[in-house]
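Raw protein-v2.cif, mmCIF, C-alpha atoms, pLDDT in the B column; chains and numbers go by the auth columns:
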```
data_start
loop_
_atom_site.group_PDB
_atom_site.id
_atom_site.type_symbol
_atom_site.label_atom_id
_atom_site.label_comp_id
_atom_site.label_asym_id
_atom_site.label_seq_id
_atom_site.Cartn_x
_atom_site.Cartn_y
_atom_site.Cartn_z
_atom_site.B_iso_or_equiv
_atom_site.auth_seq_id
_atom_site.auth_asym_id
ATOM 1 C CA MET A 1 39.027 -39.572 -7.980 83.00 17 A
ATOM 2 C CA PHE A 2 40.058 -39.596 -11.624 86.00 18 A
ATOM 3 C CA GLU A 3 43.321 -41.363 -10.751 91.00 19 A
ATOM 4 C CA ILE A 4 41.461 -44.147 -8.944 92.00 20 A
ATOM 5 C CA PHE A 5 39.108 -44.609 -11.891 91.00 21 A
ATOM 6 C CA PHE A 6 42.086 -44.715 -14.261 93.00 22 A
ATOM 7 C CA MET A 7 43.860 -47.354 -12.131 93.00 23 A
ATOM 8 C CA PHE A 8 40.774 -49.589 -12.038 93.00 24 A
ATOM 9 C CA THR A 9 40.420 -49.275 -15.808 95.00 25 A
ATOM 10 C CA ILE A 10 44.053 -50.308 -16.351 95.00 26 A
ATOM 11 C CA ILE A 11 43.660 -53.287 -14.029 95.00 27 A
ATOM 12 C CA PHE A 12 40.482 -54.383 -15.805 95.00 28 A
ATOM 13 C CA VAL A 13 42.091 -54.139 -19.247 94.00 29 A
ATOM 14 C CA ALA A 14 45.116 -56.127 -18.046 93.00 30 A
ATOM 15 C CA TYR A 15 42.798 -58.786 -16.607 93.00 31 A
ATOM 16 C CA VAL A 16 40.906 -59.121 -19.894 91.00 32 A
ATOM 17 C CA ILE A 17 44.122 -59.379 -21.954 90.00 33 A
ATOM 18 C CA TYR A 18 45.558 -61.951 -19.536 89.00 34 A
ATOM 19 C CA HIS A 19 42.529 -64.210 -19.924 86.00 35 A
ATOM 20 C CA MET A 20 42.487 -63.827 -23.694 84.00 36 A
ATOM 21 C CA PHE A 21 46.078 -65.076 -23.989 82.00 37 A
ATOM 22 C CA ASN A 22 45.493 -67.934 -21.530 83.00 38 A
ATOM 23 C CA GLU A 23 42.554 -69.165 -23.615 76.00 39 A
ATOM 24 C CA MET A 24 44.696 -69.125 -26.748 69.00 40 A
ATOM 25 C CA LYS A 25 47.420 -71.208 -25.090 65.00 41 A
ATOM 26 C CA GLU A 26 45.056 -73.964 -24.047 60.00 42 A
ATOM 27 C CA VAL A 27 45.280 -76.934 -26.386 55.00 43 A
ATOM 28 C CA PRO A 28 41.974 -78.512 -27.232 58.00 44 A
ATOM 29 C CA THR A 29 41.669 -82.032 -25.831 60.00 45 A
ATOM 30 C CA PRO A 30 41.341 -84.828 -28.392 59.00 46 A
ATOM 31 C CA ILE A 31 37.808 -86.060 -28.884 58.00 47 A
ATOM 32 C CA SER A 32 37.236 -89.621 -27.785 59.00 48 A
ATOM 33 C CA SER A 33 36.230 -92.209 -30.344 59.00 49 A
ATOM 34 C CA GLU A 34 32.688 -92.433 -28.913 59.00 50 A
ATOM 35 C CA LEU A 35 32.103 -88.745 -29.390 58.00 51 A
ATOM 36 C CA LYS A 36 33.561 -88.883 -32.906 59.00 52 A
ATOM 37 C CA ALA A 37 31.155 -91.668 -33.801 59.00 53 A
ATOM 38 C CA LYS A 38 28.201 -89.703 -32.494 57.00 54 A
ATOM 39 C CA HIS A 39 29.138 -86.579 -34.401 58.00 55 A
ATOM 40 C CA GLU A 40 29.978 -88.396 -37.620 59.00 56 A
ATOM 41 C CA ALA A 41 26.706 -90.311 -37.782 57.00 57 A
ATOM 42 C CA PRO A 42 24.555 -89.012 -40.630 60.00 58 A
ATOM 43 C CA VAL A 43 21.591 -87.002 -39.610 59.00 59 A
ATOM 44 C CA VAL A 44 18.343 -88.025 -41.285 62.00 60 A
ATOM 45 C CA LEU A 45 15.655 -85.415 -41.446 64.00 61 A
ATOM 46 C CA THR A 46 12.104 -86.621 -41.740 67.00 62 A
ATOM 47 C CA PRO A 47 9.460 -84.312 -43.112 68.00 63 A
ATOM 48 C CA LYS A 48 6.774 -83.204 -40.714 65.00 64 A
ATOM 49 C CA PRO A 49 3.317 -84.612 -41.367 65.00 65 A
ATOM 50 C CA LYS A 50 0.896 -82.102 -42.755 66.00 66 A
ATOM 51 C CA LEU A 51 -1.908 -81.212 -40.426 64.00 67 A
ATOM 52 C CA GLU A 52 -5.339 -81.130 -41.943 66.00 68 A
ATOM 53 C CA PRO A 53 -7.914 -78.730 -40.559 65.00 69 A
ATOM 54 C CA ILE A 54 -10.724 -80.284 -38.611 66.00 70 A
ATOM 55 C CA ALA A 55 -13.883 -80.289 -40.633 63.00 71 A
ATOM 56 C CA ALA A 56 -16.977 -78.725 -39.131 60.00 72 A
ATOM 57 C CA PRO A 57 -19.714 -81.216 -38.334 60.00 73 A
ATOM 58 C CA LYS A 58 -22.151 -81.489 -41.155 61.00 74 A
ATOM 59 C CA ALA A 59 -25.701 -80.391 -40.449 56.00 75 A
ATOM 60 C CA SER A 60 -28.191 -83.181 -40.485 56.00 76 A
ATOM 61 C CA ALA A 61 -31.588 -82.925 -42.095 53.00 77 A
ATOM 62 C CA GLN A 62 -33.263 -82.467 -38.732 57.00 78 A
ATOM 63 C CA ASN A 63 -31.204 -79.439 -37.717 56.00 79 A
ATOM 64 C CA LYS A 64 -31.800 -77.388 -40.847 58.00 80 A
ATOM 65 C CA LYS A 65 -34.421 -75.136 -39.211 59.00 81 A
ATOM 66 C CA PRO A 66 -33.087 -71.660 -38.603 60.00 82 A
ATOM 67 C CA ALA A 67 -33.055 -70.703 -34.977 61.00 83 A
ATOM 68 C CA ALA A 68 -35.464 -67.981 -33.958 66.00 84 A
ATOM 69 C CA ILE A 69 -33.710 -64.846 -32.801 67.00 85 A
ATOM 70 C CA LYS A 70 -35.240 -63.196 -29.781 65.00 86 A
ATOM 71 C CA PRO A 71 -34.877 -59.419 -29.487 66.00 87 A
ATOM 72 C CA ARG A 72 -33.036 -58.180 -26.425 65.00 88 A
ATOM 73 C CA VAL A 73 -34.933 -55.912 -24.090 64.00 89 A
ATOM 74 C CA ILE A 74 -32.893 -53.170 -22.469 65.00 90 A
ATOM 75 C CA LYS A 75 -34.245 -51.851 -19.225 62.00 91 A
ATOM 76 C CA LYS A 76 -33.867 -48.152 -18.660 60.00 92 A
ATOM 77 C CA THR A 77 -32.827 -46.868 -15.274 59.00 93 A
ATOM 78 C CA THR A 78 -33.164 -43.348 -14.008 58.00 94 A
ATOM 79 C CA VAL A 79 -30.893 -41.487 -11.664 56.00 95 A
ATOM 80 C CA THR A 80 -32.749 -39.982 -8.769 54.00 96 A
ATOM 81 C CA ALA A 81 -32.041 -36.505 -7.528 52.00 97 A
ATOM 82 C CA THR A 82 -31.718 -37.749 -3.967 50.00 98 A
ATOM 83 C CA ALA A 83 -28.540 -39.641 -4.805 47.00 99 A
ATOM 84 C CA LYS A 84 -26.888 -36.437 -5.927 48.00 100 A
ATOM 85 C CA SER A 85 -28.056 -34.397 -2.975 47.00 101 A
ATOM 86 C CA THR A 86 -26.884 -36.920 -0.381 46.00 102 A
ATOM 87 C CA GLU A 87 -23.300 -36.628 -1.556 52.00 103 A
ATOM 88 C CA THR A 88 -21.394 -34.275 0.706 61.00 104 A
ATOM 89 C CA LYS A 89 -18.396 -32.561 -0.711 67.00 105 A
ATOM 90 C CA LYS A 90 -15.401 -32.534 1.522 78.00 106 A
ATOM 91 C CA GLY A 91 -13.156 -29.531 1.429 81.00 107 A
ATOM 92 C CA LEU A 92 -12.886 -25.843 2.132 86.00 108 A
ATOM 93 C CA ARG A 93 -14.148 -23.132 -0.187 88.00 109 A
ATOM 94 C CA ASP A 94 -12.388 -19.802 -0.522 86.00 110 A
ATOM 95 C CA PRO A 95 -15.160 -17.194 -0.254 86.00 111 A
ATOM 96 C CA LYS A 96 -13.237 -14.708 -2.427 88.00 112 A
ATOM 97 C CA THR A 97 -12.452 -16.933 -5.423 88.00 113 A
ATOM 98 C CA ASP A 98 -14.799 -19.901 -4.832 85.00 114 A
ATOM 99 C CA GLU A 99 -11.805 -22.243 -5.081 87.00 115 A
ATOM 100 C CA VAL A 100 -12.340 -25.552 -3.272 88.00 116 A
ATOM 101 C CA ALA A 101 -9.333 -27.132 -1.568 86.00 117 A
ATOM 102 C CA THR A 102 -9.712 -30.816 -0.745 84.00 118 A
ATOM 103 C CA SER A 103 -6.210 -31.507 0.545 79.00 119 A
ATOM 104 C CA TYR A 104 -5.284 -29.604 3.682 81.00 120 A
ATOM 105 C CA ASN A 105 -4.416 -32.306 6.211 82.00 121 A
ATOM 106 C CA ASN A 106 -0.744 -31.355 6.353 85.00 122 A
ATOM 107 C CA TYR A 107 -0.199 -27.747 7.436 86.00 123 A
ATOM 108 C CA ARG A 108 3.108 -27.529 5.549 86.00 124 A
ATOM 109 C CA PHE A 109 1.355 -28.089 2.229 86.00 125 A
ATOM 110 C CA THR A 110 -1.849 -26.222 2.995 89.00 126 A
ATOM 111 C CA LYS A 111 -2.741 -23.400 0.641 89.00 127 A
ATOM 112 C CA ARG A 112 -1.936 -19.895 1.765 90.00 128 A
ATOM 113 C CA TRP A 113 -5.545 -18.685 1.789 91.00 129 A
ATOM 114 C CA ILE A 114 -6.477 -21.422 4.302 91.00 130 A
ATOM 115 C CA LYS A 115 -3.654 -20.339 6.606 91.00 131 A
ATOM 116 C CA ASP A 116 -4.779 -16.715 6.304 92.00 132 A
ATOM 117 C CA ALA A 117 -8.399 -17.716 6.960 91.00 133 A
ATOM 118 C CA LEU A 118 -7.376 -19.511 10.158 91.00 134 A
ATOM 119 C CA VAL A 119 -5.727 -16.312 11.405 93.00 135 A
ATOM 120 C CA SER A 120 -8.480 -13.947 10.206 92.00 136 A
ATOM 121 C CA GLU A 121 -11.192 -16.023 11.929 91.00 137 A
ATOM 122 C CA GLY A 122 -9.195 -15.911 15.167 92.00 138 A
ATOM 123 C CA LEU A 123 -8.609 -19.655 15.314 91.00 139 A
ATOM 124 C CA LEU A 124 -4.811 -19.289 15.256 92.00 140 A
ATOM 125 C CA GLU A 125 -2.515 -16.555 16.556 92.00 141 A
ATOM 126 C CA LYS A 126 -0.360 -16.323 13.422 92.00 142 A
ATOM 127 C CA VAL A 127 0.685 -18.155 10.266 93.00 143 A
ATOM 128 C CA TYR A 128 3.361 -20.572 11.390 92.00 144 A
ATOM 129 C CA LYS A 129 6.538 -21.290 9.430 91.00 145 A
ATOM 130 C CA ASN A 130 7.594 -24.874 8.792 88.00 146 A
ATOM 131 C CA ASN A 131 10.465 -24.731 11.281 90.00 147 A
ATOM 132 C CA GLU A 132 8.100 -23.482 14.030 90.00 148 A
ATOM 133 C CA LEU A 133 5.831 -26.529 13.878 89.00 149 A
ATOM 134 C CA GLU A 134 5.884 -28.696 16.994 91.00 150 A
ATOM 135 C CA PRO A 135 3.485 -31.427 18.119 90.00 151 A
ATOM 136 C CA ALA A 136 1.571 -29.081 20.436 92.00 152 A
ATOM 137 C CA ILE A 137 1.190 -26.438 17.719 91.00 153 A
ATOM 138 C CA GLU A 138 0.147 -29.058 15.154 91.00 154 A
ATOM 139 C CA ALA A 139 -2.591 -30.261 17.511 92.00 155 A
ATOM 140 C CA THR A 140 -3.983 -26.713 17.829 93.00 156 A
ATOM 141 C CA ILE A 141 -3.793 -26.315 14.031 92.00 157 A
ATOM 142 C CA LYS A 142 -5.801 -29.496 13.458 91.00 158 A
ATOM 143 C CA ALA A 143 -8.417 -28.372 15.965 92.00 159 A
ATOM 144 C CA ALA A 144 -8.588 -24.968 14.246 92.00 160 A
ATOM 145 C CA ILE A 145 -9.056 -26.599 10.824 90.00 161 A
ATOM 146 C CA VAL A 146 -11.964 -28.651 12.180 90.00 162 A
ATOM 147 C CA LYS A 147 -13.574 -25.440 13.475 91.00 163 A
ATOM 148 C CA LEU A 148 -12.941 -23.730 10.116 90.00 164 A
ATOM 149 C CA GLU A 149 -14.696 -26.600 8.304 89.00 165 A
ATOM 150 C CA ALA A 150 -17.731 -26.091 10.546 89.00 166 A
ATOM 151 C CA LEU A 151 -18.116 -22.420 9.504 89.00 167 A
ATOM 152 C CA GLU A 152 -20.837 -21.955 6.892 89.00 168 A
ATOM 153 C CA LYS A 153 -18.756 -19.383 5.029 88.00 169 A
ATOM 154 C CA TYR A 154 -16.074 -21.956 4.098 87.00 170 A
ATOM 155 C CA LYS A 155 -18.293 -24.934 3.221 86.00 171 A
ATOM 156 C CA PRO A 156 -18.242 -25.948 -0.455 82.00 172 A
#
```
Write out the structure in this file as structure tokens.
Amino acid sequence: MFEIFFMFTIIFVAYVIYHMFNEMKEVPTPISSELKAKHEAPVVLTPKPKLEPIAAPKASAQNKKPAAIKPRVIKKTTVTATAKSTETKKGLRDPKTDEVATSYNNYRFTKRWIKDALVSEGLLEKVYKNNELEPAIEATIKAAIVKLEALEKYKP
């Protein structure tokens, strides 16, 4: 591998040197008389005009009354207790530690205590390893998780 890299480096360096010498050998073409005339013409720079700021319109005698400022009224809103109670928390609660797990859709990444709870409640035969998972087993696992969510003991 190192030899191939070395060969490509040598070829690249030779290519760069070859083009450098070819550019040096090229003789610049003489500039036509039209181009010489364009380049030799004197360049006249004109100063930019100064921009004056736009003056604010002057107040007339009629508009000299100060405008009346109206106070803003802020309406207060209250949060009702029914809004909080209608929210249902989704997840499973570990009865031992009161930890709530909200992500358990994929059995491979499910927490260990959920897997143990499925076995201890009799919803699954055993804790499956990742290489043992098949479509039929995954279907039974999903059905068991739905039943586990229905148990009052595991609701958050």
Polymer residues at most 9 Å from stretch 131-144 of chain A, only C-alpha atoms, same-chain spacing of 5 or more positions, as a list in words =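 The residues that qualify are Asp110, Tyr123, Thr126, Leu149, Ile153, Thr156, Ile157, Ala159, Ala160, Ile161, Lys163 and Leu164 of chain A.
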To one decimal in Å, tell me the separation between atom CA of A:Met36 and atom CA of A:Glu19.
-> 25.9 Å
Which of A:Ala152, A:Ala117, A:Leu108, A:Met17 sits closest to A:Glu168 [using only C-alpha atoms] |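 That would be A:Leu108, the residue with the smallest distance to A:Glu168.
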How many Å separate atom CA of A:Lys106 from atom CA of A:Tyr170?
->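 Interatomic distance here is 10.9 Å.
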Could you work out how far atom CA of A:Asn147 lies from atom CA of A:Glu165, giving the answer in Å with one decimal?
->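 Separation of atom CA of A:Glu165 and atom CA of A:Asn147: 25.4 Å.
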Nearest to A:Glu150 by atom-to-atom distance, counting all atoms listed in the file, from A:Ile130, A:Ile27, A:Arg124, A:Thr118 | A:Arg124
